[in-house]
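Below is one structure; the comments refer to it alone.
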Amino acid sequence: MSKLHVKPSDETYVIDEKKSILENLRDNGVYVKSSCGGHASCTDCIIKVLDGKESINGPTFDETKLLGNVFHITKERLACQCFVNGEATIDISAHDKRSDEDRQQAKNRKNRHGINQSKKKI
Ligand code: FES
């Protein structure tokens, strides 16, 4: 039985070792941004490992390609590539569903406005 402690909520989850941190968090209704669906190509799912790095698998080739070999400095990993076997503590404070939705809506408005502007010129 593995456990994942999550900051800043201070929640602890009993997790499935066969699923990635991203999948485990989603299963528990915890938001972590992802654009690629967990295929190690968007880097949206970056989390910080605060404790228990020895309980997490080493970086995959794809993860190292995206983040570089600087975990010892940044403590950043891709949630979609991390599997916990034991206990670990992570920080997901960079993942705020509401601000991500607001940012996306602003982007959509801007794009719509841009489309409307180009239609007027025609
Ligand atoms: S979800 Fe896209 S890199 Fe992890």
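Residue numbers start at 1 in each chain; chains themselves are named A, B, ... in the order of the structure tokens; ligands are numbered from 1 in the order shown.
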
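Pocket residues of ligand 1, taken as those with any atom at most 7 Å away using only C-alpha atoms and all ligand atoms, are Ser34, Ser35, Cys36, Gly37, Gly38, His39, Ala40, Ser41, Cys42, Thr43, Asp44, Cys45, Ile46, Leu78, Ala79, Cys80 and Gln81 of chain A.
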
Item checked: Near-Cys82 in chain A list (10 Å; only C-alpha atoms; drop same-chain fewer than 5 positions) as JSON, numbers by chain -> {"A": [17, 19, 20, 21, 22, 23, 47, 53, 55, 56, 57, 58, 59, 60, 63, 77]}

(request) Quick one: everything within 9 Å of Ile90 in chain A, counting only C-alpha atoms, minus sequence neighbours fewer than 3 positions away in the same chain. Send it as a ChimeraX atom specification. (result) /A:4-8,47-52

Residues of the last selection are to be written out with N, CA and C atoms, as a PDB file, in the first residue's frame.
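What follows is the written file selection-v8.pdb:
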ATOM      1  N   LEU A   4       0.433   8.864  -1.048  1.00  0.00           N
ATOM      2  CA  LEU A   4       0.878  10.106  -1.664  1.00  0.00           C
ATOM      3  C   LEU A   4       0.329  11.272  -0.845  1.00  0.00           C
ATOM      4  N   HIS A   5       1.249  12.064  -0.314  1.00  0.00           N
ATOM      5  CA  HIS A   5       0.867  13.264   0.429  1.00  0.00           C
ATOM      6  C   HIS A   5       0.925  14.436  -0.548  1.00  0.00           C
ATOM      7  N   VAL A   6      -0.107  15.250  -0.542  1.00  0.00           N
ATOM      8  CA  VAL A   6      -0.209  16.312  -1.541  1.00  0.00           C
ATOM      9  C   VAL A   6      -0.290  17.679  -0.868  1.00  0.00           C
ATOM     10  N   LYS A   7       0.623  18.546  -1.268  1.00  0.00           N
ATOM     11  CA  LYS A   7       0.614  19.938  -0.818  1.00  0.00           C
ATOM     12  C   LYS A   7       0.070  20.791  -1.951  1.00  0.00           C
ATOM     13  N   PRO A   8      -0.587  21.895  -1.727  1.00  0.00           N
ATOM     14  CA  PRO A   8      -0.797  22.528  -0.440  1.00  0.00           C
ATOM     15  C   PRO A   8      -2.044  22.051   0.320  1.00  0.00           C
ATOM     16  N   ILE A  47       5.099  18.540 -11.471  1.00  0.00           N
ATOM     17  CA  ILE A  47       4.885  18.612 -10.026  1.00  0.00           C
ATOM     18  C   ILE A  47       6.253  18.719  -9.356  1.00  0.00           C
ATOM     19  N   LYS A  48       6.260  19.121  -8.116  1.00  0.00           N
ATOM     20  CA  LYS A  48       7.509  19.142  -7.354  1.00  0.00           C
ATOM     21  C   LYS A  48       7.486  18.009  -6.343  1.00  0.00           C
ATOM     22  N   VAL A  49       8.579  17.289  -6.276  1.00  0.00           N
ATOM     23  CA  VAL A  49       8.704  16.206  -5.300  1.00  0.00           C
ATOM     24  C   VAL A  49       9.372  16.790  -4.059  1.00  0.00           C
ATOM     25  N   LEU A  50       8.630  16.835  -2.968  1.00  0.00           N
ATOM     26  CA  LEU A  50       9.157  17.416  -1.733  1.00  0.00           C
ATOM     27  C   LEU A  50       9.852  16.374  -0.863  1.00  0.00           C
ATOM     28  N   ASP A  51       9.359  15.148  -0.936  1.00  0.00           N
ATOM     29  CA  ASP A  51       9.920  14.094  -0.081  1.00  0.00           C
ATOM     30  C   ASP A  51       9.622  12.732  -0.708  1.00  0.00           C
ATOM     31  N   GLY A  52      10.474  11.770  -0.473  1.00  0.00           N
ATOM     32  CA  GLY A  52      10.223  10.401  -0.919  1.00  0.00           C
ATOM     33  C   GLY A  52      10.637  10.126  -2.350  1.00  0.00           C
TER      34      GLY A  52
END

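Listed by chain and then by rising number, the residues of chain A that DSSP assigns to strand (DSSP E or B) from the backbone are Ser2, Lys3, Leu4, His5, Val6, Lys7, Glu11, Thr12, Tyr13, Val14, Ile15, Ile46, Ile47, Lys48, Val49, Leu50, Asp51, Ile56, Glu76, Arg77, Leu78, Val84, Glu87, Ala88, Thr89, Ile90 and Asp91 of chain A.
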
Store the residues picked out above in a file with C-alpha atoms, as a compact mmCIF listing (two decimals), in the first residue's frame.
# COMPACT_ATOMS: atom_id res chain seq x y z
CA SER A 2 1.55 3.26 -1.15
CA LYS A 3 0.68 6.74 -0.01
CA LEU A 4 0.88 10.11 -1.66
CA HIS A 5 0.87 13.26 0.43
CA VAL A 6 -0.21 16.31 -1.54
CA LYS A 7 0.61 19.94 -0.82
CA GLU A 11 -4.43 15.53 1.74
CA THR A 12 -3.04 11.99 1.81
CA TYR A 13 -4.17 9.37 -0.70
CA VAL A 14 -3.69 5.62 -0.73
CA ILE A 15 -2.66 5.05 -4.31
CA ILE A 46 4.93 19.19 -13.79
CA ILE A 47 4.89 18.61 -10.03
CA LYS A 48 7.51 19.14 -7.35
CA VAL A 49 8.70 16.21 -5.30
CA LEU A 50 9.16 17.42 -1.73
CA ASP A 51 9.92 14.09 -0.08
CA ILE A 56 9.36 7.15 -7.19
CA GLU A 76 10.38 18.77 -10.81
CA ARG A 77 8.94 15.65 -12.39
CA LEU A 78 6.14 14.86 -14.83
CA VAL A 84 5.08 5.74 -6.39
CA GLU A 87 5.44 7.11 0.34
CA ALA A 88 6.05 10.45 -1.29
CA THR A 89 5.09 14.08 -0.81
CA ILE A 90 4.47 16.31 -3.79
CA ASP A 91 3.53 19.95 -4.34

Separating CA of Val32 in chain A from CA of Asp96 in chain A, to the nearest tenth of an Å, is a gap of 7.7 Å

Residues of chain A in alpha helix (DSSP H) according to DSSP, as an NGL selection string?
:A and (21-27 or 61-67 or 71-74 or 97-121)

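Nearest residue to Asn85 in chain A, choosing from A:Asp100, A:Asp27, A:Asp16, A:Asp10 and counting only C-alpha atoms: A:Asp16.
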